[in-house]
file run_38.cif (mmCIF, C-alpha atoms)
data_data
loop_
_atom_site.group_PDB
_atom_site.id
_atom_site.type_symbol
_atom_site.label_atom_id
_atom_site.label_comp_id
_atom_site.auth_asym_id
_atom_site.auth_seq_id
_atom_site.Cartn_x
_atom_site.Cartn_y
_atom_site.Cartn_z
ATOM 1 C CA MET A 233 -43.227 4.731 -0.873
ATOM 2 C CA LEU A 234 -41.263 5.321 2.308
ATOM 3 C CA THR A 235 -41.240 2.657 5.004
ATOM 4 C CA ALA A 236 -39.752 2.509 8.492
ATOM 5 C CA ASN A 237 -36.883 0.461 7.019
ATOM 6 C CA HIS A 238 -35.591 3.473 5.042
ATOM 7 C CA PHE A 239 -35.155 5.456 8.220
ATOM 8 C CA ILE A 240 -33.795 2.498 10.201
ATOM 9 C CA ILE A 241 -31.072 1.865 7.602
ATOM 10 C CA LEU A 242 -30.145 5.568 7.565
ATOM 11 C CA SER A 243 -30.028 5.435 11.358
ATOM 12 C CA ALA A 244 -27.735 2.378 11.259
ATOM 13 C CA ILE A 245 -25.406 4.139 8.797
ATOM 14 C CA LEU A 246 -25.198 7.251 10.975
ATOM 15 C CA PHE A 247 -24.554 5.136 14.081
ATOM 16 C CA GLY A 248 -21.746 3.312 12.271
ATOM 17 C CA ILE A 249 -20.144 6.585 11.170
ATOM 18 C CA GLY A 250 -20.307 7.739 14.793
ATOM 19 C CA VAL A 251 -18.640 4.552 16.033
ATOM 20 C CA VAL A 252 -15.844 4.847 13.465
ATOM 21 C CA GLY A 253 -15.420 8.515 14.444
ATOM 22 C CA VAL A 254 -14.930 7.636 18.111
ATOM 23 C CA LEU A 255 -12.430 4.915 17.181
ATOM 24 C CA VAL A 256 -10.259 6.759 14.641
ATOM 25 C CA ARG A 257 -10.122 10.340 15.888
ATOM 26 C CA ARG A 258 -7.596 11.401 18.498
ATOM 27 C CA ASN A 259 -9.142 14.732 19.405
ATOM 28 C CA PRO A 260 -11.564 14.315 22.358
ATOM 29 C CA LEU A 261 -13.750 17.139 21.004
ATOM 30 C CA VAL A 262 -14.329 15.351 17.702
ATOM 31 C CA MET A 263 -14.795 12.025 19.520
ATOM 32 C CA PHE A 264 -17.452 13.755 21.558
ATOM 33 C CA MET A 265 -19.145 15.043 18.405
ATOM 34 C CA SER A 266 -19.191 11.462 17.126
ATOM 35 C CA VAL A 267 -20.974 10.393 20.317
ATOM 36 C CA GLU A 268 -23.549 13.091 19.611
ATOM 37 C CA LEU A 269 -23.936 11.669 16.115
ATOM 38 C CA MET A 270 -24.668 8.231 17.590
ATOM 39 C CA LEU A 271 -27.282 9.737 19.914
ATOM 40 C CA ASN A 272 -28.874 11.422 16.897
ATOM 41 C CA ALA A 273 -28.943 8.142 14.990
ATOM 42 C CA VAL A 274 -30.824 6.541 17.873
ATOM 43 C CA ASN A 275 -33.211 9.515 17.978
ATOM 44 C CA LEU A 276 -33.961 9.044 14.288
ATOM 45 C CA ALA A 277 -34.795 5.374 14.900
ATOM 46 C CA PHE A 278 -37.064 6.372 17.808
ATOM 47 C CA VAL A 279 -38.965 8.928 15.731
ATOM 48 C CA ALA A 280 -39.256 6.527 12.789
ATOM 49 C CA PHE A 281 -40.711 3.777 14.980
ATOM 50 C CA SER A 282 -42.966 6.327 16.635
ATOM 51 C CA ARG A 283 -44.312 7.428 13.253
ATOM 52 C CA TYR A 284 -44.855 3.967 11.794
ATOM 53 C CA LEU A 285 -46.387 2.466 14.955
ATOM 54 C CA ASN A 286 -48.554 5.575 15.487
ATOM 55 C CA ASN A 287 -47.281 5.589 19.070
ATOM 56 C CA LEU A 288 -45.975 8.828 20.571
ATOM 57 C CA ASP A 289 -43.821 7.187 23.273
ATOM 58 C CA GLY A 290 -40.868 7.307 20.872
ATOM 59 C CA GLN A 291 -41.067 11.078 20.601
ATOM 60 C CA VAL A 292 -41.154 11.435 24.384
ATOM 61 C CA PHE A 293 -38.060 9.225 24.558
ATOM 62 C CA VAL A 294 -36.304 11.478 22.053
ATOM 63 C CA PHE A 295 -37.123 14.409 24.310
ATOM 64 C CA LEU A 296 -35.471 12.588 27.236
ATOM 65 C CA VAL A 297 -32.431 11.753 25.082
ATOM 66 C CA LEU A 298 -32.115 15.422 24.076
ATOM 67 C CA THR A 299 -31.994 16.438 27.733
ATOM 68 C CA VAL A 300 -29.464 13.785 28.662
ATOM 69 C CA ALA A 301 -27.334 14.793 25.652
ATOM 70 C CA ALA A 302 -27.381 18.434 26.756
ATOM 71 C CA ALA A 303 -26.287 17.504 30.287
ATOM 72 C CA GLU A 304 -23.667 15.094 28.947
ATOM 73 C CA VAL A 305 -22.157 17.692 26.605
ATOM 74 C CA ALA A 306 -21.956 20.294 29.357
ATOM 75 C CA VAL A 307 -20.180 17.946 31.782
ATOM 76 C CA GLY A 308 -17.980 16.383 29.099
ATOM 77 C CA LEU A 309 -16.777 19.706 27.726
ATOM 78 C CA ALA A 310 -16.077 20.933 31.273
ATOM 79 C CA ILE A 311 -13.919 17.821 31.784
ATOM 80 C CA ILE A 312 -12.076 18.510 28.505
ATOM 81 C CA VAL A 313 -11.444 22.127 29.556
ATOM 82 C CA ALA A 314 -10.171 20.966 32.968
ATOM 83 C CA LEU A 315 -7.972 18.390 31.210
ATOM 84 C CA PHE A 316 -6.534 21.030 28.887
ATOM 85 C CA ARG A 317 -5.743 23.213 31.897
ATOM 86 C CA THR A 318 -3.688 20.536 33.626
ATOM 87 C CA ARG A 319 -2.079 18.830 30.604
ATOM 88 C CA ALA A 320 -2.138 21.541 27.907
ATOM 89 C CA THR A 321 -2.980 18.944 25.272
ATOM 90 C CA VAL A 322 -6.076 17.670 23.515
ATOM 91 C CA ASP A 323 -4.887 14.331 22.246
ATOM 92 C CA VAL A 324 -6.278 11.203 23.868
ATOM 93 C CA ASP A 325 -3.062 9.263 23.200
ATOM 94 C CA GLU A 326 -1.154 11.609 25.496
ATOM 95 C CA ILE A 327 -3.685 11.263 28.293
ATOM 96 C CA SER A 328 -2.915 7.719 29.309
ATOM 97 C CA SER A 329 -2.264 8.023 33.047
ATOM 98 C CA LEU A 330 -5.014 8.057 35.660
ATOM 99 C CA LYS A 331 -3.174 10.225 38.212
ATOM 100 C CA GLY A 332 -2.395 13.868 37.396
ATOM 101 C CA MET B 72 -42.462 13.575 -3.260
ATOM 102 C CA ASP B 73 -41.722 12.198 0.207
ATOM 103 C CA SER B 74 -39.132 9.862 -1.251
ATOM 104 C CA ILE B 75 -37.308 12.715 -2.996
ATOM 105 C CA VAL B 76 -37.174 14.710 0.265
ATOM 106 C CA PHE B 77 -36.009 11.626 2.166
ATOM 107 C CA TYR B 78 -33.209 10.711 -0.241
ATOM 108 C CA LEU B 79 -32.069 14.333 -0.534
ATOM 109 C CA PHE B 80 -31.766 14.846 3.211
ATOM 110 C CA ALA B 81 -30.461 11.330 3.853
ATOM 111 C CA PHE B 82 -27.683 12.031 1.333
ATOM 112 C CA ILE B 83 -26.871 15.411 2.923
ATOM 113 C CA THR B 84 -26.856 13.840 6.402
ATOM 114 C CA VAL B 85 -24.529 10.982 5.486
ATOM 115 C CA VAL B 86 -22.117 13.203 3.529
ATOM 116 C CA ALA B 87 -21.962 15.726 6.382
ATOM 117 C CA ALA B 88 -21.472 12.932 8.943
ATOM 118 C CA VAL B 89 -18.592 11.452 6.940
ATOM 119 C CA GLY B 90 -17.161 14.962 6.627
ATOM 120 C CA MET B 91 -17.378 15.442 10.379
ATOM 121 C CA VAL B 92 -15.358 12.278 10.993
ATOM 122 C CA THR B 93 -12.761 12.864 8.261
ATOM 123 C CA LEU B 94 -12.096 16.621 8.337
ATOM 124 C CA ARG B 95 -8.915 17.452 10.218
ATOM 125 C CA ASN B 96 -9.874 20.869 11.584
ATOM 126 C CA PRO B 97 -12.267 20.614 14.593
ATOM 127 C CA VAL B 98 -14.092 23.790 13.489
ATOM 128 C CA HIS B 99 -14.921 22.163 10.139
ATOM 129 C CA SER B 100 -16.108 19.060 12.016
ATOM 130 C CA ALA B 101 -18.402 21.221 14.144
ATOM 131 C CA LEU B 102 -19.859 22.913 11.063
ATOM 132 C CA SER B 103 -20.485 19.521 9.411
ATOM 133 C CA LEU B 104 -22.215 18.433 12.598
ATOM 134 C CA ALA B 105 -24.489 21.491 12.297
ATOM 135 C CA VAL B 106 -25.483 20.337 8.802
ATOM 136 C CA VAL B 107 -26.220 16.844 10.188
ATOM 137 C CA PHE B 108 -28.426 18.270 12.955
ATOM 138 C CA VAL B 109 -30.434 20.541 10.648
ATOM 139 C CA SER B 110 -31.008 17.901 7.963
ATOM 140 C CA LEU B 111 -32.078 15.423 10.650
ATOM 141 C CA ALA B 112 -34.601 18.050 11.790
ATOM 142 C CA ALA B 113 -35.932 18.092 8.199
ATOM 143 C CA LEU B 114 -36.302 14.293 8.359
ATOM 144 C CA TYR B 115 -38.232 14.638 11.638
ATOM 145 C CA VAL B 116 -40.653 17.003 9.888
ATOM 146 C CA LEU B 117 -41.037 14.353 7.179
ATOM 147 C CA LEU B 118 -41.865 11.848 9.943
ATOM 148 C CA SER B 119 -44.619 14.223 11.136
ATOM 149 C CA ALA B 120 -42.807 15.119 14.370
ATOM 150 C CA PRO B 121 -42.533 18.928 14.130
ATOM 151 C CA PHE B 122 -42.046 19.320 17.888
ATOM 152 C CA ILE B 123 -38.981 17.079 17.900
ATOM 153 C CA ALA B 124 -37.694 18.889 14.794
ATOM 154 C CA ALA B 125 -37.946 22.254 16.553
ATOM 155 C CA ALA B 126 -36.359 20.858 19.719
ATOM 156 C CA GLN B 127 -33.573 19.364 17.588
ATOM 157 C CA VAL B 128 -32.762 22.715 15.985
ATOM 158 C CA MET B 129 -32.951 24.591 19.292
ATOM 159 C CA ILE B 130 -31.101 22.156 21.566
ATOM 160 C CA TYR B 131 -28.654 20.442 19.222
ATOM 161 C CA ALA B 132 -27.957 23.009 16.508
ATOM 162 C CA GLY B 133 -28.449 25.863 18.969
ATOM 163 C CA ALA B 134 -27.187 25.014 22.437
ATOM 164 C CA ILE B 135 -24.946 21.966 22.062
ATOM 165 C CA LEU B 136 -23.173 23.064 18.901
ATOM 166 C CA ILE B 137 -22.526 26.568 20.238
ATOM 167 C CA LEU B 138 -20.989 24.953 23.319
ATOM 168 C CA PHE B 139 -18.733 22.842 21.086
ATOM 169 C CA VAL B 140 -17.624 25.826 18.990
ATOM 170 C CA PHE B 141 -17.085 27.835 22.171
ATOM 171 C CA VAL B 142 -14.792 25.187 23.665
ATOM 172 C CA ILE B 143 -12.926 24.783 20.342
ATOM 173 C CA MET B 144 -12.297 28.539 20.313
ATOM 174 C CA LEU B 145 -11.281 28.481 23.979
ATOM 175 C CA LEU B 146 -8.772 25.665 23.594
ATOM 176 C CA SER B 147 -7.779 26.298 19.943
ATOM 177 C CA PRO B 148 -6.504 22.724 19.643
ATOM 178 C CA GLY B 149 -5.294 23.217 16.075
ATOM 179 C CA VAL B 150 -5.310 20.672 13.287
ATOM 180 C CA ASP B 151 -5.453 17.006 14.222
ATOM 181 C CA ARG B 152 -2.176 15.125 13.748
ATOM 182 C CA GLY B 153 -4.177 12.263 12.319
ATOM 183 C CA VAL B 154 -2.473 8.950 12.907
ATOM 184 C CA GLY B 155 -2.565 7.802 16.511
ATOM 185 C CA ALA B 156 -0.355 5.431 18.430
ATOM 186 C CA LEU B 157 -1.846 2.397 16.682
ATOM 187 C CA LYS B 158 -1.416 2.592 12.929
ATOM 188 C CA TRP B 159 -3.873 -0.176 12.071
ATOM 189 C CA GLN B 160 -6.572 1.337 14.218
ATOM 190 C CA ARG B 161 -8.078 3.373 11.393
ATOM 191 C CA TRP B 162 -8.498 0.389 9.035
ATOM 192 C CA PHE B 163 -9.714 -1.952 11.754
ATOM 193 C CA ALA B 164 -12.214 0.650 12.898
ATOM 194 C CA THR B 165 -13.515 1.214 9.366
ATOM 195 C CA VAL B 166 -13.900 -2.514 8.660
ATOM 196 C CA PHE B 167 -15.667 -3.202 11.940
ATOM 197 C CA GLY B 168 -17.764 -0.052 11.557
ATOM 198 C CA VAL B 169 -19.034 -1.253 8.177
ATOM 199 C CA ALA B 170 -19.698 -4.703 9.693
ATOM 200 C CA LEU B 171 -21.674 -3.044 12.500
ATOM 201 C CA VAL B 172 -23.784 -1.052 10.024
ATOM 202 C CA VAL B 173 -24.593 -4.176 7.996
ATOM 203 C CA GLU B 174 -25.453 -6.106 11.148
ATOM 204 C CA LEU B 175 -27.655 -3.358 12.579
ATOM 205 C CA ALA B 176 -29.474 -2.830 9.297
ATOM 206 C CA LEU B 177 -30.040 -6.565 8.759
ATOM 207 C CA VAL B 178 -31.238 -7.262 12.286
ATOM 208 C CA LEU B 179 -33.465 -4.206 12.609
ATOM 209 C CA THR B 180 -35.113 -4.618 9.222
ATOM 210 C CA THR B 181 -35.685 -8.391 9.342
ATOM 211 C CA ALA B 182 -36.391 -9.050 13.021
ATOM 212 C CA VAL B 183 -39.986 -9.111 14.231
ATOM 213 C CA LEU B 184 -39.909 -6.729 17.174
ATOM 214 C CA PRO B 185 -42.684 -6.719 19.750
ATOM 215 C CA ALA B 186 -44.319 -3.304 19.752
ATOM 216 C CA THR B 187 -47.414 -1.504 20.945
ATOM 217 C CA ARG B 188 -49.382 0.218 18.239
ATOM 218 C CA GLY B 189 -50.895 3.530 19.264
ATOM 219 C CA SER B 190 -53.726 5.654 17.971
ATOM 220 C CA PHE B 191 -51.708 8.686 16.905
ATOM 221 C CA THR B 192 -51.860 8.525 13.117
ATOM 222 C CA PRO B 193 -50.424 11.531 11.228
ATOM 223 C CA GLU B 194 -53.994 12.685 10.447
ATOM 224 C CA ARG B 195 -55.007 12.564 14.120
ATOM 225 C CA LEU B 196 -51.772 14.364 15.106
ATOM 226 C CA ALA B 197 -52.488 17.094 12.565
ATOM 227 C CA GLU B 198 -55.924 17.461 14.117
ATOM 228 C CA ILE B 199 -54.961 17.685 17.812
ATOM 229 C CA GLY B 200 -51.443 19.037 17.280
ATOM 230 C CA ASP B 201 -48.136 17.247 17.808
ATOM 231 C CA VAL B 202 -46.993 19.570 20.597
ATOM 232 C CA GLN B 203 -50.221 19.119 22.545
ATOM 233 C CA ALA B 204 -50.102 15.343 22.209
ATOM 234 C CA VAL B 205 -46.442 15.031 23.280
ATOM 235 C CA GLY B 206 -46.952 17.580 26.069
ATOM 236 C CA ALA B 207 -49.972 15.733 27.440
ATOM 237 C CA LEU B 208 -47.984 12.489 27.430
ATOM 238 C CA LEU B 209 -45.020 14.177 29.177
ATOM 239 C CA PHE B 210 -47.222 15.425 32.009
ATOM 240 C CA THR B 211 -49.228 12.228 32.494
ATOM 241 C CA ASP B 212 -47.541 8.914 31.675
ATOM 242 C CA PHE B 213 -43.986 10.295 31.744
ATOM 243 C CA LEU B 214 -44.304 12.698 34.666
ATOM 244 C CA LEU B 215 -41.672 10.986 36.839
ATOM 245 C CA PRO B 216 -38.978 10.833 34.097
ATOM 246 C CA PHE B 217 -39.806 14.453 33.297
ATOM 247 C CA GLU B 218 -39.167 15.512 36.901
ATOM 248 C CA ILE B 219 -35.992 13.408 37.085
ATOM 249 C CA MET B 220 -34.806 15.216 33.948
ATOM 250 C CA SER B 221 -35.010 18.561 35.738
ATOM 251 C CA LEU B 222 -32.961 17.088 38.585
ATOM 252 C CA LEU B 223 -30.431 15.747 36.058
ATOM 253 C CA LEU B 224 -30.022 19.194 34.514
ATOM 254 C CA LEU B 225 -29.476 20.694 37.972
ATOM 255 C CA VAL B 226 -26.841 18.065 38.786
ATOM 256 C CA ALA B 227 -25.128 18.722 35.439
ATOM 257 C CA MET B 228 -25.106 22.463 36.107
ATOM 258 C CA VAL B 229 -23.563 22.059 39.570
ATOM 259 C CA GLY B 230 -21.079 19.528 38.205
ATOM 260 C CA VAL B 231 -19.959 21.831 35.422
ATOM 261 C CA ILE B 232 -19.449 24.737 37.829
ATOM 262 C CA VAL B 233 -17.348 22.524 40.137
ATOM 263 C CA LEU B 234 -15.295 21.163 37.222
ATOM 264 C CA ALA B 235 -14.694 24.458 35.437
ATOM 265 C CA LYS B 236 -13.953 26.489 38.530
ATOM 266 C CA LYS B 237 -10.329 27.483 39.065
ATOM 267 C CA ARG B 238 -8.684 25.618 41.897
ATOM 268 C CA GLY B 239 -7.276 27.721 44.690
#

call {"tool": "encode", "arguments": {"input": "run_38.cif", "output": "structure tokens"}}
result
Amino acid sequence: MLTANHFIILSAILFGIGVVGVLVRRNPLVMFMSVELMLNAVNLAFVAFSRYLNNLDGQVFVFLVLTVAAAEVAVGLAIIVALFRTRATVDVDEISSLKG
Amino acid sequence: MDSIVFYLFAFITVVAAVGMVTLRNPVHSALSLAVVFVSLAALYVLLSAPFIAAAQVMIYAGAILILFVFVIMLLSPGVDRGVGALKWQRWFATVFGVALVVELALVLTTAVLPATRGSFTPERLAEIGDVQAVGALLFTDFLLPFEIMSLLLLVAMVGVIVLAKKRG
């Protein structure tokens, strides 16, 4: 019998993998993918709570998160492209100065 | 039956997520992320949220992932060098990541969280339709956030054009 806890634990595991991904990877693209993974973990928790509380607010929240994620990815990738144009590198360790 | 589906897709999701973090080539990471998105959509169907599952496949696996692959192709960053400036970072991150997972799982599964129970049981949702129910909620209780979302997308669009435009 499945309970909300099954999904919550899976969500926690996915969130943890996302956190580790952001911390260990040096490529901003992959770090960004890890952020997406964390957003997805939160979405899974929202949908699980929504299902087991019989309350649809969680699903509406997931819809909002999807939109914010889409906007975030568009802006973030544009920043990475702009960064690559000025520095010709995609390694966060080499991008340590604030001014060009 | 539900349990088998859950464990199957949970396993696929976790393996693909670990693959995304560990694979050196960004293209392989992006493909693993696609697997994560699609198997999460399957879990949403299991949670009787077909609308969110469809939105997940369309927005995440469709739009967002294509954008990622597009930028990877554009920049062709090559294979990750791996070790960063701090050599211990990887081990520290793994240890604290595992600690975070244990903490989150313990707190979220044992804590008594205040919550509002609704009337949308899976049977009722099957009767009136998930899309109708979520849509009605979006245009009544959540109308203001819904409108702000459209503004947010507009701002993002303008921002991306400004950022990606060639200076000159």

call {"tool": "resolve_selection", "arguments": {"input": "run_38.cif", "expression": "the PyMOL selection byres ((chain A) within 8 of (chain B))", "output": "MDAnalysis selection string"}}
result
chainID A and resid 233:234 237 240:242 244:253 255:259 261:262 265:266 269 272 276 279:280 283 285:289 291:292 294:296 298:300 302:307 309:311 313:314 316 321:322 325

call {"tool": "write_last_selection", "arguments": {"input": "run_38.cif", "atoms": "C-alpha atoms", "output": "compact mmCIF listing (two decimals), keeping the file's coordinate frame"}}
result
# COMPACT_ATOMS: atom_id res chain seq x y z
CA MET A 233 -43.23 4.73 -0.87
CA LEU A 234 -41.26 5.32 2.31
CA ASN A 237 -36.88 0.46 7.02
CA ILE A 240 -33.80 2.50 10.20
CA ILE A 241 -31.07 1.86 7.60
CA LEU A 242 -30.14 5.57 7.56
CA ALA A 244 -27.74 2.38 11.26
CA ILE A 245 -25.41 4.14 8.80
CA LEU A 246 -25.20 7.25 10.98
CA PHE A 247 -24.55 5.14 14.08
CA GLY A 248 -21.75 3.31 12.27
CA ILE A 249 -20.14 6.58 11.17
CA GLY A 250 -20.31 7.74 14.79
CA VAL A 251 -18.64 4.55 16.03
CA VAL A 252 -15.84 4.85 13.46
CA GLY A 253 -15.42 8.52 14.44
CA LEU A 255 -12.43 4.92 17.18
CA VAL A 256 -10.26 6.76 14.64
CA ARG A 257 -10.12 10.34 15.89
CA ARG A 258 -7.60 11.40 18.50
CA ASN A 259 -9.14 14.73 19.40
CA LEU A 261 -13.75 17.14 21.00
CA VAL A 262 -14.33 15.35 17.70
CA MET A 265 -19.14 15.04 18.40
CA SER A 266 -19.19 11.46 17.13
CA LEU A 269 -23.94 11.67 16.11
CA ASN A 272 -28.87 11.42 16.90
CA LEU A 276 -33.96 9.04 14.29
CA VAL A 279 -38.97 8.93 15.73
CA ALA A 280 -39.26 6.53 12.79
CA ARG A 283 -44.31 7.43 13.25
CA LEU A 285 -46.39 2.47 14.96
CA ASN A 286 -48.55 5.58 15.49
CA ASN A 287 -47.28 5.59 19.07
CA LEU A 288 -45.98 8.83 20.57
CA ASP A 289 -43.82 7.19 23.27
CA GLN A 291 -41.07 11.08 20.60
CA VAL A 292 -41.15 11.44 24.38
CA VAL A 294 -36.30 11.48 22.05
CA PHE A 295 -37.12 14.41 24.31
CA LEU A 296 -35.47 12.59 27.24
CA LEU A 298 -32.12 15.42 24.08
CA THR A 299 -31.99 16.44 27.73
CA VAL A 300 -29.46 13.78 28.66
CA ALA A 302 -27.38 18.43 26.76
CA ALA A 303 -26.29 17.50 30.29
CA GLU A 304 -23.67 15.09 28.95
CA VAL A 305 -22.16 17.69 26.60
CA ALA A 306 -21.96 20.29 29.36
CA VAL A 307 -20.18 17.95 31.78
CA LEU A 309 -16.78 19.71 27.73
CA ALA A 310 -16.08 20.93 31.27
CA ILE A 311 -13.92 17.82 31.78
CA VAL A 313 -11.44 22.13 29.56
CA ALA A 314 -10.17 20.97 32.97
CA PHE A 316 -6.53 21.03 28.89
CA THR A 321 -2.98 18.94 25.27
CA VAL A 322 -6.08 17.67 23.52
CA ASP A 325 -3.06 9.26 23.20

call {"tool": "atom_distance", "arguments": {"input": "run_38.cif", "atom1": "CA of Ala236 (chain A)", "atom2": "CA of Ala197 (chain B)"}}
result
19.8 Å

call {"tool": "closest_residue", "arguments": {"input": "run_38.cif", "among": "A:Pro260, A:Gly290, A:Ser282, A:Val254", "to": "Ile327 (chain A)", "atoms": "only C-alpha atoms"}}
result
A:Pro260

call {"tool": "atom_distance", "arguments": {"input": "run_38.cif", "atom1": "CA of Ala124 (chain B)", "atom2": "CA of Val109 (chain B)"}}
result
8.5 Å

call {"tool": "closest_residue", "arguments": {"input": "run_38.cif", "among": "A:Ser243, A:Ser329, A:Thr318, A:Thr235", "to": "Leu271 (chain A)", "atoms": "all atoms listed in the file"}}
result
A:Ser243

call {"tool": "atom_distance", "arguments": {"input": "run_38.cif", "atom1": "CA of Ala113 (chain B)", "atom2": "CA of Phe264 (chain A)"}}
result
23.2 Å
